[in-house]
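Worksheet: one structure, shown below.
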Amino acid sequence: MRVSVSWLREHVDLPAHLPPADLERALVELGIEVESIVDLAATVAGSLVVGEVREIEELTGFKKPIRFCRVDVGDANGTGELQEIVCGARNFAVGDRVVVILPGGVLPGNFAIGARRTYGRNSNGMICSAKELGLGDDHSGIIVLPESSPAKPGDDARPVVGLDDVVVEVELTPDRGYQMSVRGIARELAHALGVPFRDPGLVPAPGATERPAYPVEVRDPVGCDRFAARMVRGVDPTAPSPAWMVQRLTTAGIRSISLPVDITNYVMLELGQPMHAFDADRIAGPLVVRRAEPGEKLTTLDGVVRTLAAEDMVICDDSGPVSLAAVMGGETSEVVEGTTNVLFEAAHWDPVMVGRTARRHKLFSEAAKRWERGVDPALPLVAIERAVRLLVEHGGGTVGEEILDIDHVRPRTPVTMPADLPSRRVGVVYPPARVVALLQEVGCSVATGADRLAEDPGEVAVAAGGTEALTVTPPTWRPDLTDPADLVEEVVRLDGYDRVPSVLPVAPAGRGLTWQQRRRRAVARALADQGYVEVLSQPFVAVELADLLGLPADDARRRAVRLANPLSEEEPLLRTTLLGPLLGVLKRNLGRGQRDLALYEIGSVFHPRPGAGVPPSMGVAHRPSDAEFAAADAVLPDQPRHVAVVLAGEVEQTGWWGPGRAAGWMDAVEAARTVLAVAGVPDDRVTVRAAEHAPWHPGRCAQLLVDDTVVGHAGELHPAVVAALELPRRTAAMELDLDAVPPAPMRQAPAVSSFPPALIDVALVVDASVPAADVQAALVEGAGELLESVRLFDVYASEQLGAGRRSLAYKLTFRAPDRTLTVEEAVAARDAAVARAADRYNAVLRGA
């Protein structure tokens with residue numbers, strides 16, 4: 001919001017020479033973010049003076065009309081002679097006083113003014129328009145001073161056109177709608193600087209009359225709990241808005257339209273009460289305030305035909321809706337050039353309804369911004385009185401004696417708060433008398449225990465723990481004060497945030513990361529070291545994702561948690577697997593031209609608890625009990641942490657050195673092994689075996705087990721899934737449940753033998769259905785203690801081996817801790833290992 005300091009001074013006694021830095025500090029200390037403070041006088045450099053046009057010569061022969069003017073600028077040019085200026089505007093005549101910037105001056109936008117020859121004449125300076133001075137958007141003509149202006153040629157023009165002011169722009173938080181007005185900002189400055197404040201919202205205004213200003217029926221007192229109106233007849237339709245009003249509206253970023261409309265915007269900025277002006281002659285019959293019928297149409301002031309919803313509030317006449325209540329008026333009843341009878345309306349609308357209507361129609365008007373943040377329900381009659389007086393003063397007409405005021409506003413609910421609550425919550429001592437004084441400064445009505453005891457000697461006013469309780473009734477302009485915590489915030493804010501010490505908690509000794517945190521960091525580093533790129537996807541998924549992934553009907557991953565208020569209705573569920581969102585990220589990157597991708601994510605999945613019910617209602621007045629916390633936790637879904645990877649394209653790049661290697665199921669399995677290894681799970685506790693599990697290809701899916709517990713799957717995605725998600729063929733993926741992986745056991749440091757190893761390779765021919773890991777386990781079991789390591793290094797199949805047969809080649813390393821092995825010992829250990837594989841899987845030494 002932008003507002004001029006001169007306007008604020010009408011309601012608060014600011015110091016005469018208040019430096020901008022002190023003004024900014026005062027606002028910031030109250031929690032108001034200051035975007036900028038601009039001294040308008042500094043926006044125009046050089047001589048900006050009042051000039052009187054003495055001669056005008058019309059120049060012809062050019063593409064557009066050009067005038068050569070001689071202007072009296074007094075002694076401002078140092079010679080007293082008339083100033084020669086070429087100008088293209090035509091809205092002035094000889095004898096008019098204008099605003100002139102002389103050579104050497106600089107206009108906003110760093111536009112330097114000099115003396116030059118143009119259109120065959122010398123031009124020494126410029127006659128200025130409002131836009132050139134940064135005072136508005138009007139560039140159709142230059143500024144012509146009114147006859148009533150006392151300014152003389154040569155006088156400084158800055159105070160004449162309003163460039164002697166200071167403009168403050170603030171960014172307001174959504175819960176403080178009362179600050180979106182001159183009234184609200186002035187009140188805040190009065191708090192900060194300790195100066196008197198004159199509340200324009202408390203000006204006496206006449207109440208409702210027996211005969212209404214116009215027949216109105218409010219059918220929904222919840223959506224509209226107050227509706228006021230008053231008529232002004234015989235207004236001069238040609239009366240312009242006063243220059244000071246236009247200037248203040250322009251400063252606030254609002255375009256001047258017409259006198260009645262400008263007055264409604266001016267009152268909105270001044271008091272914070274949005275209003276609407278109807279052309280009374282264009283209304284057909286009584287007005288009805290109601291909810292819209294689904295599918296009703298209304299053409300709003302911006303020329304857009306809008307289809308209304310059942311929640312929208314509308315103002316209707318006999319022809320149908322004429323205004324989208326609290327958001328924007330309609331074309332059929334707006335004030336036009338010939339309007340002479342104006343009906344002013346000021347109401348109080350439900351902020352929730354207004355916020356939803358504005359978002360539904362994407363129509364965030366200045367009025368809607370204020371309504372959804374909360375408007376003072378006591379303002380309608382004051383705003384109406386202010387508007388009609390301004391209209392009569394500047395546009396003539398007669399104010400109707402009839403006043404309509406339909407009032408269903410409920411009184412504010414008092415809030416009970418222990419007097420020592422601010423001290424206990426913040427850690428700063430606030431005496432009860434100080435707490436009461438600060439809340440009264442905000443505008444609250446505060447009753448202490450002594451006050452109530454005097455009214456009723458039988459009443460005892462104490463809070464829990466024996467502390468005196470305060471009964472606080474917030475003012476009408478503060479709808480945000482509903483709980484004790486809100487009152488505590490006001491006490492701290494007005495007393496000064498700078499009084500609250502910044503004390504960091506002392507970390508307990510001997511505590512660092514938990515083993516789960518260390519594991520997650522280790523897994524992330526290991527995958528990143530292998531070339532995977534981490535992504536953080538949204539945990540929201542579409543209902544049809546389970547079908548796209550081909551999950552069976554009885555799969556537990558189909559049972560997902562549905563959000564009560566999703567960000568998008570297209571994704572209303574919480575994910576039960578990381579693969580859905582992760583494959584979406586893969587698809588999006590492929591669509592942007594990437595071809596070789598290896599992505600990973602570590603995050604939570606969500607599994608609902610059957611029959612959990614609804615969480616208990618917990619307020620903010622006190623800390624929830626352990627039982628309430630337990631009841632709330634029992635409703636929350638299980639949230640195990642998973643890790644997943646997806647691969648597409650080449651993992652080894654093609655180049656001048658030769659062909660690359662495409663990603664495959666074995667890379668996904670290796671990623672799973674890497675995760676388990678850095679999680680501290682020994683290899684002898686990990687089992688990898690073939691499985692069938694959606695969304696993987698049934699013939700290229702590996703199941704990973706730790707101590708016979710399934711912790712995840714890896715392999716190549718099912719062709720149907722790849723086709724449904726429009727992914728490259730042979731896309732591979734892996735997903736592990738990190739929470740299902742047991743903690744790493746304590747390991748003894750390995751004994752390192754200084755004796756040389758015996759290296760022996762064996763190639764065993766087995767049935768193709770036998771897993772290589774099972775053959776390896778048999779070799780380890782048969783070789784005995786002398787076997788130091790075993791590694792699969794080749795898989796081979798051919799017609800010579802026979803149909804359904806393959807060769808598995810392993811590197812065996814034998815070593816003794818206390819001696820150098822003989823050839824006989826190493827060969828005996830190898831033969832024992834091969835014998836165990838042959839006995840268990842009918843393995844045959846290749847070539848034997």
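Chains: A, B, ... in order of the structure tokens. Residues: from 1 per chain. Ligands: from 1, in order shown.
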
Quiz prompt | Polymer residues at most 10 Å from Asn77 of chain A, only C-alpha atoms, same-chain spacing of 5 or more positions, as a PyMOL selection string | solution = chain A and resi 47+49+72+82-83+102-103+124+154

Quick one: everything within 10 Å of Glu171 of chain A, counting only C-alpha atoms, minus sequence neighbours fewer than 2 positions away in the same chain. Send it as a tab-separated table (two decimals) with N, CA, C and O atoms, in the first residue's frame.
chain	number	residue	atom	x	y	z
A	1	MET	N	0.85	-1.18	0.00
A	1	MET	CA	0.00	0.00	0.00
A	1	MET	C	0.88	1.23	0.00
A	1	MET	O	1.88	1.30	0.72
A	2	ARG	N	0.50	2.22	-0.82
A	2	ARG	CA	1.23	3.49	-0.91
A	2	ARG	C	0.35	4.61	-0.37
A	2	ARG	O	-0.83	4.71	-0.71
A	32	ILE	N	5.78	-3.81	10.56
A	32	ILE	CA	5.31	-3.44	9.23
A	32	ILE	C	6.51	-3.36	8.30
A	32	ILE	O	7.45	-2.61	8.56
A	33	GLU	N	6.48	-4.12	7.23
A	33	GLU	CA	7.59	-4.13	6.27
A	33	GLU	C	7.48	-2.91	5.36
A	33	GLU	O	6.46	-2.71	4.68
A	34	VAL	N	8.51	-2.09	5.34
A	34	VAL	CA	8.54	-0.88	4.54
A	34	VAL	C	9.25	-1.18	3.22
A	34	VAL	O	10.43	-1.53	3.20
A	35	GLU	N	8.51	-1.07	2.11
A	35	GLU	CA	9.10	-1.30	0.80
A	35	GLU	C	9.95	-0.11	0.37
A	35	GLU	O	11.05	-0.27	-0.15
A	36	SER	N	9.44	1.10	0.58
A	36	SER	CA	10.20	2.30	0.17
A	36	SER	C	9.61	3.52	0.84
A	36	SER	O	8.43	3.54	1.22
A	169	GLU	N	5.54	3.38	1.06
A	169	GLU	CA	4.98	2.14	0.54
A	169	GLU	C	5.29	1.02	1.51
A	169	GLU	O	6.46	0.77	1.83
A	173	THR	N	0.99	-7.72	6.25
A	173	THR	CA	0.74	-9.14	6.43
A	173	THR	C	-0.76	-9.42	6.31
A	173	THR	O	-1.59	-8.56	6.61
A	174	PRO	N	-1.15	-10.62	5.87
A	174	PRO	CA	-2.58	-10.90	5.60
A	174	PRO	C	-3.47	-10.79	6.83
A	174	PRO	O	-4.67	-10.56	6.69
A	179	GLN	N	-4.66	-2.36	8.63
A	179	GLN	CA	-3.57	-1.48	8.22
A	179	GLN	C	-3.68	-1.06	6.75
A	179	GLN	O	-2.93	-0.19	6.31
A	180	MET	N	-4.62	-1.64	5.99
A	180	MET	CA	-4.75	-1.29	4.58
A	180	MET	C	-5.61	-0.04	4.42
A	180	MET	O	-6.56	0.01	3.64

Exercise. Might you pull out every residue within 6 Å of segment 59-71 of chain A, with only C-alpha atoms counted and same-chain residues fewer than 3 positions away left off, and present them as a list in words?
Key: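 With the cut-off at 6 Å, the set is Gly51, Glu52, Val53, Arg54, Glu55, Ile56, Leu82, Gln83, Glu84, Ile85, Val86, Cys87 and Gly88 of chain A.
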
Store the residues of this selection in a file with N, CA and C atoms, as a PDB file, in the first residue's frame.
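As a result, selection_17.pdb now contains:
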ATOM      1  N   GLY A  51       4.893  28.839 -14.527  1.00  0.00           N
ATOM      2  CA  GLY A  51       5.018  29.753 -15.658  1.00  0.00           C
ATOM      3  C   GLY A  51       3.646  30.183 -16.153  1.00  0.00           C
ATOM      4  N   GLU A  52       3.586  31.396 -16.742  1.00  0.00           N
ATOM      5  CA  GLU A  52       2.330  31.898 -17.314  1.00  0.00           C
ATOM      6  C   GLU A  52       2.524  32.068 -18.818  1.00  0.00           C
ATOM      7  N   VAL A  53       1.644  31.438 -19.591  1.00  0.00           N
ATOM      8  CA  VAL A  53       1.757  31.468 -21.048  1.00  0.00           C
ATOM      9  C   VAL A  53       1.354  32.863 -21.540  1.00  0.00           C
ATOM     10  N   ARG A  54       2.265  33.527 -22.233  1.00  0.00           N
ATOM     11  CA  ARG A  54       1.984  34.881 -22.744  1.00  0.00           C
ATOM     12  C   ARG A  54       1.684  34.874 -24.244  1.00  0.00           C
ATOM     13  N   GLU A  55       2.363  34.042 -25.010  1.00  0.00           N
ATOM     14  CA  GLU A  55       2.150  34.012 -26.464  1.00  0.00           C
ATOM     15  C   GLU A  55       2.167  32.555 -26.932  1.00  0.00           C
ATOM     16  N   ILE A  56       1.347  32.279 -27.954  1.00  0.00           N
ATOM     17  CA  ILE A  56       1.316  30.951 -28.579  1.00  0.00           C
ATOM     18  C   ILE A  56       1.320  31.140 -30.088  1.00  0.00           C
ATOM     19  N   LEU A  82      10.925  36.413 -21.316  1.00  0.00           N
ATOM     20  CA  LEU A  82      10.036  35.285 -21.575  1.00  0.00           C
ATOM     21  C   LEU A  82      10.838  34.071 -22.046  1.00  0.00           C
ATOM     22  N   GLN A  83      10.431  32.889 -21.575  1.00  0.00           N
ATOM     23  CA  GLN A  83      11.127  31.652 -21.919  1.00  0.00           C
ATOM     24  C   GLN A  83      10.491  31.049 -23.166  1.00  0.00           C
ATOM     25  N   GLU A  84      11.321  30.730 -24.170  1.00  0.00           N
ATOM     26  CA  GLU A  84      10.814  30.139 -25.405  1.00  0.00           C
ATOM     27  C   GLU A  84      10.801  28.614 -25.270  1.00  0.00           C
ATOM     28  N   ILE A  85       9.609  28.025 -25.487  1.00  0.00           N
ATOM     29  CA  ILE A  85       9.445  26.584 -25.313  1.00  0.00           C
ATOM     30  C   ILE A  85       8.551  26.039 -26.409  1.00  0.00           C
ATOM     31  N   VAL A  86       8.974  24.953 -27.051  1.00  0.00           N
ATOM     32  CA  VAL A  86       8.162  24.248 -28.032  1.00  0.00           C
ATOM     33  C   VAL A  86       7.377  23.161 -27.306  1.00  0.00           C
ATOM     34  N   CYS A  87       6.054  23.091 -27.591  1.00  0.00           N
ATOM     35  CA  CYS A  87       5.188  22.144 -26.878  1.00  0.00           C
ATOM     36  C   CYS A  87       4.180  21.552 -27.847  1.00  0.00           C
ATOM     37  N   GLY A  88       3.847  20.262 -27.661  1.00  0.00           N
ATOM     38  CA  GLY A  88       2.880  19.603 -28.535  1.00  0.00           C
ATOM     39  C   GLY A  88       1.487  19.519 -27.942  1.00  0.00           C
TER      40      GLY A  88
END

Give me the residues near Ser568 of chain A as a tab-separated table (two decimals) with N, CA, C and O atoms, in the first residue's frame, where near means some atom within 10 Å (using only C-alpha atoms) and where sequence neighbours in that chain fewer than 6 positions away do not count.
chain	number	residue	atom	x	y	z
A	540	PHE	N	2.44	-35.28	-3.85
A	540	PHE	CA	1.04	-35.41	-4.26
A	540	PHE	C	0.94	-36.15	-5.58
A	540	PHE	O	1.72	-35.90	-6.51
A	541	VAL	N	-0.03	-37.05	-5.69
A	541	VAL	CA	-0.16	-37.87	-6.90
A	541	VAL	C	-1.63	-37.90	-7.32
A	541	VAL	O	-2.54	-37.63	-6.53
A	542	ALA	N	-1.83	-38.28	-8.58
A	542	ALA	CA	-3.17	-38.39	-9.14
A	542	ALA	C	-3.79	-39.75	-8.78
A	542	ALA	O	-3.08	-40.72	-8.47

Practice problem: Check the DSSP output for the backbone and give back, as a PyMOL selection string, the residues of segment 532-637 of chain A in strand (DSSP E). | Solution: chain A and resi 533-534+540-541+573-574+597-604

Self-check item: Members of segment 180-324 of chain A assigned alpha helix (DSSP H) by DSSP, as a PyMOL selection string
Solution: chain A and resi 182-193+243-251+259-271

Practice problem: Find the residues near segment 317-322 of chain A: any atom within 10 Å, counting only C-alpha atoms, skip ones fewer than 2 places away on the same chain, and give them as an NGL selection string. | Solution: :A and (216 or 278 or 282-290 or 292-293 or 296-300 or 308 or 313-315 or 324-325 or 328-334)

Go ahead and write the residues just picked, N, CA, C and O atoms, as a CSV table (one decimal), in the first residue's frame.
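The resulting part_8.csv:
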chain,number,residue,atom,x,y,z
A,216,VAL,N,-34.2,-2.5,0.0
A,216,VAL,CA,-33.2,-3.6,0.0
A,216,VAL,C,-33.6,-4.7,0.8
A,216,VAL,O,-34.1,-4.5,1.9
A,278,PHE,N,-23.9,3.2,-7.2
A,278,PHE,CA,-24.8,2.8,-8.2
A,278,PHE,C,-25.4,4.0,-8.9
A,278,PHE,O,-25.6,5.1,-8.2
A,282,ARG,N,-30.5,3.6,-13.2
A,282,ARG,CA,-30.2,2.4,-14.0
A,282,ARG,C,-30.6,1.1,-13.2
A,282,ARG,O,-30.3,0.0,-13.7
A,283,ILE,N,-31.1,1.3,-12.0
A,283,ILE,CA,-31.5,0.1,-11.2
A,283,ILE,C,-33.0,-0.1,-11.4
A,283,ILE,O,-33.8,0.8,-11.3
A,284,ALA,N,-33.4,-1.3,-11.7
A,284,ALA,CA,-34.8,-1.6,-11.9
A,284,ALA,C,-35.4,-2.4,-10.7
A,284,ALA,O,-35.2,-3.6,-10.5
A,285,GLY,N,-36.2,-1.6,-9.9
A,285,GLY,CA,-36.8,-2.3,-8.8
A,285,GLY,C,-35.9,-2.4,-7.5
A,285,GLY,O,-34.8,-1.9,-7.5
A,286,PRO,N,-36.5,-3.0,-6.5
A,286,PRO,CA,-35.7,-3.2,-5.2
A,286,PRO,C,-34.4,-4.0,-5.4
A,286,PRO,O,-34.3,-4.8,-6.3
A,287,LEU,N,-33.5,-3.8,-4.5
A,287,LEU,CA,-32.3,-4.6,-4.5
A,287,LEU,C,-32.4,-5.8,-3.6
A,287,LEU,O,-33.0,-5.7,-2.5
A,288,VAL,N,-31.8,-6.9,-4.0
A,288,VAL,CA,-31.8,-8.1,-3.2
A,288,VAL,C,-30.4,-8.6,-3.1
A,288,VAL,O,-29.7,-8.7,-4.1
A,289,VAL,N,-30.0,-8.9,-1.9
A,289,VAL,CA,-28.7,-9.4,-1.6
A,289,VAL,C,-28.8,-10.9,-1.3
A,289,VAL,O,-29.5,-11.3,-0.3
A,290,ARG,N,-28.2,-11.7,-2.1
A,290,ARG,CA,-28.4,-13.2,-2.0
A,290,ARG,C,-27.2,-13.9,-2.5
A,290,ARG,O,-26.3,-13.3,-3.1
A,292,ALA,N,-25.7,-16.4,-5.3
A,292,ALA,CA,-26.0,-16.5,-6.8
A,292,ALA,C,-26.6,-17.9,-7.1
A,292,ALA,O,-26.3,-18.9,-6.4
A,293,GLU,N,-27.3,-17.9,-8.1
A,293,GLU,CA,-27.8,-19.2,-8.6
A,293,GLU,C,-26.7,-19.8,-9.5
A,293,GLU,O,-26.1,-19.1,-10.3
A,296,GLU,N,-25.6,-18.5,-13.2
A,296,GLU,CA,-26.0,-17.1,-13.5
A,296,GLU,C,-24.9,-16.3,-14.1
A,296,GLU,O,-23.7,-16.6,-13.8
A,297,LYS,N,-25.2,-15.4,-15.0
A,297,LYS,CA,-24.2,-14.6,-15.7
A,297,LYS,C,-24.2,-13.1,-15.1
A,297,LYS,O,-25.2,-12.6,-14.7
A,298,LEU,N,-23.0,-12.5,-15.1
A,298,LEU,CA,-22.9,-11.1,-14.8
A,298,LEU,C,-21.7,-10.5,-15.5
A,298,LEU,O,-20.6,-11.1,-15.5
A,299,THR,N,-21.9,-9.4,-16.2
A,299,THR,CA,-20.8,-8.7,-16.8
A,299,THR,C,-20.3,-7.6,-15.8
A,299,THR,O,-21.0,-6.7,-15.5
A,300,THR,N,-19.1,-7.8,-15.4
A,300,THR,CA,-18.5,-6.9,-14.4
A,300,THR,C,-17.9,-5.7,-15.0
A,300,THR,O,-17.9,-5.6,-16.3
A,308,LEU,N,-21.4,-17.4,-12.5
A,308,LEU,CA,-21.4,-17.4,-11.0
A,308,LEU,C,-21.5,-18.7,-10.5
A,308,LEU,O,-22.2,-19.6,-11.1
A,313,MET,N,-21.8,-14.1,-3.6
A,313,MET,CA,-22.8,-13.2,-3.2
A,313,MET,C,-23.0,-12.2,-4.3
A,313,MET,O,-22.1,-11.7,-4.9
A,314,VAL,N,-24.3,-11.9,-4.6
A,314,VAL,CA,-24.6,-10.9,-5.6
A,314,VAL,C,-25.6,-9.9,-5.1
A,314,VAL,O,-26.4,-10.2,-4.2
A,315,ILE,N,-25.6,-8.7,-5.7
A,315,ILE,CA,-26.7,-7.7,-5.5
A,315,ILE,C,-27.5,-7.7,-6.7
A,315,ILE,O,-27.0,-7.5,-7.8
A,324,LEU,N,-21.2,-8.1,-8.4
A,324,LEU,CA,-20.6,-9.3,-7.7
A,324,LEU,C,-20.1,-8.7,-6.3
A,324,LEU,O,-19.1,-8.1,-6.2
A,325,ALA,N,-20.9,-9.0,-5.3
A,325,ALA,CA,-20.8,-8.4,-4.0
A,325,ALA,C,-19.4,-8.5,-3.5
A,325,ALA,O,-18.7,-9.5,-3.5
A,328,MET,N,-16.6,-6.7,-7.3
A,328,MET,CA,-16.6,-5.8,-8.4
A,328,MET,C,-18.1,-5.5,-8.8
A,328,MET,O,-18.9,-6.5,-8.8
A,329,GLY,N,-18.4,-4.3,-9.2
A,329,GLY,CA,-19.7,-4.0,-9.7
A,329,GLY,C,-20.0,-4.5,-11.1
A,329,GLY,O,-19.1,-5.0,-11.8
A,330,GLY,N,-21.2,-4.3,-11.5
A,330,GLY,CA,-21.6,-4.7,-12.8
A,330,GLY,C,-21.8,-3.6,-13.8
A,330,GLY,O,-22.0,-2.4,-13.4
A,331,GLU,N,-21.7,-3.9,-15.1
A,331,GLU,CA,-21.8,-2.8,-16.1
A,331,GLU,C,-23.2,-2.2,-16.1
A,331,GLU,O,-23.3,-1.0,-16.4
A,332,THR,N,-24.3,-2.9,-15.8
A,332,THR,CA,-25.6,-2.4,-16.0
A,332,THR,C,-26.0,-1.3,-15.0
A,332,THR,O,-27.0,-0.6,-15.3
A,333,SER,N,-25.3,-1.2,-13.9
A,333,SER,CA,-25.7,-0.3,-12.9
A,333,SER,C,-24.6,0.7,-12.5
A,333,SER,O,-24.7,1.4,-11.6
A,334,GLU,N,-23.5,0.7,-13.3
A,334,GLU,CA,-22.4,1.5,-13.0
A,334,GLU,C,-22.7,3.0,-13.2
A,334,GLU,O,-23.5,3.4,-14.0

Quiz prompt | A:Leu390, A:Val38, A:Met666, A:Ala433 ranked by distance to Val3 of chain A, top pick (using only C-alpha atoms) | solution = A:Val38

Which residues, written as a compact mmCIF listing (two decimals) with N, CA, C and O atoms, in the first residue's frame, have at least one atom at most 8 Å from Thr471 of chain A, with only C-alpha atoms counted and residues fewer than 6 positions away on the same chain left out?
# COMPACT_ATOMS: atom_id res chain seq x y z
N PRO A 414 -15.59 -11.78 24.09
CA PRO A 414 -14.44 -11.47 24.94
C PRO A 414 -13.45 -12.63 25.00
O PRO A 414 -13.81 -13.81 24.86
N VAL A 415 -12.20 -12.29 25.23
CA VAL A 415 -11.12 -13.28 25.34
C VAL A 415 -10.56 -13.19 26.75
O VAL A 415 -10.19 -12.10 27.21
N THR A 416 -10.50 -14.32 27.43
CA THR A 416 -9.95 -14.36 28.79
C THR A 416 -8.48 -14.77 28.73
O THR A 416 -8.14 -15.78 28.09
N MET A 417 -7.65 -13.97 29.41
CA MET A 417 -6.21 -14.22 29.36
C MET A 417 -5.60 -13.97 30.73
O MET A 417 -5.89 -12.95 31.35
N VAL A 446 -10.66 -3.72 28.44
CA VAL A 446 -10.07 -4.69 29.36
C VAL A 446 -10.73 -4.57 30.72
O VAL A 446 -10.78 -3.48 31.30
N ALA A 447 -11.23 -5.69 31.21
CA ALA A 447 -11.80 -5.76 32.56
C ALA A 447 -10.92 -6.65 33.41
O ALA A 447 -10.65 -7.80 33.05
N THR A 448 -10.45 -6.12 34.53
CA THR A 448 -9.62 -6.90 35.45
C THR A 448 -10.50 -7.56 36.49
O THR A 448 -11.71 -7.33 36.58

Self-check item: Given only C-alpha atoms as the counted atoms, nearest of A:Arg176, A:His11, A:Arg434, A:His361 to Pro200 of chain A
Solution: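 Nearest to Pro200 of chain A: A:His11.
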
Quiz item: Which neighbours of Arg478 of chain A fall inside 12 Å, counting only C-alpha atoms, when residues of the same chain fewer than 5 positions from it are skipped, and could you give them as a PyMOL selection string?
Solution: chain A and resi 175-179+184+373-378+412-413+439+442-444+473+483+486-487+490

Restrict the selected residues to C-alpha atoms and save them as a PDB file, in the first residue's frame.
ATOM      1  CA  ASP A 175      -3.774 -10.946   9.217  1.00  0.00           C
ATOM      2  CA  ARG A 176      -3.651  -7.155   9.594  1.00  0.00           C
ATOM      3  CA  GLY A 177      -6.295  -5.911   7.202  1.00  0.00           C
ATOM      4  CA  TYR A 178      -6.938  -2.838   9.347  1.00  0.00           C
ATOM      5  CA  GLN A 179      -3.571  -1.480   8.216  1.00  0.00           C
ATOM      6  CA  GLY A 184      -4.823   2.037  10.136  1.00  0.00           C
ATOM      7  CA  ARG A 373      -8.356  -9.654   5.423  1.00  0.00           C
ATOM      8  CA  GLY A 374     -11.178  -8.262   7.537  1.00  0.00           C
ATOM      9  CA  VAL A 375     -12.985  -4.897   7.559  1.00  0.00           C
ATOM     10  CA  ASP A 376     -14.389  -3.000  10.540  1.00  0.00           C
ATOM     11  CA  PRO A 377     -18.173  -3.739  10.649  1.00  0.00           C
ATOM     12  CA  ALA A 378     -18.765  -0.431  12.455  1.00  0.00           C
ATOM     13  CA  ARG A 412     -17.248  -9.365  19.675  1.00  0.00           C
ATOM     14  CA  THR A 413     -16.610 -12.358  21.922  1.00  0.00           C
ATOM     15  CA  LEU A 439      -4.169  -3.630  25.144  1.00  0.00           C
ATOM     16  CA  VAL A 442      -4.783  -1.085  20.712  1.00  0.00           C
ATOM     17  CA  GLY A 443      -8.440  -0.275  21.315  1.00  0.00           C
ATOM     18  CA  CYS A 444      -9.408  -3.255  23.479  1.00  0.00           C
ATOM     19  CA  THR A 473     -12.972  -7.395  24.298  1.00  0.00           C
ATOM     20  CA  ASP A 483      -7.190 -15.946  21.135  1.00  0.00           C
ATOM     21  CA  ASP A 486      -3.050 -12.884  19.598  1.00  0.00           C
ATOM     22  CA  LEU A 487      -3.202 -10.577  22.617  1.00  0.00           C
ATOM     23  CA  GLU A 490       0.043  -7.279  20.528  1.00  0.00           C
TER      24      GLU A 490
END

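You can rank A:Gly699, A:Val721, A:Thr576, A:Asn842 by their closest distance to Asp547 of chain A using only C-alpha atoms, and at the top of that list sits A:Val721.
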
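Each of A:Tyr266, A:Phe344, A:Trp349, A:Phe111 was compared to Pro221 of chain A using only C-alpha atoms, and A:Trp349 turns out to be the nearest.
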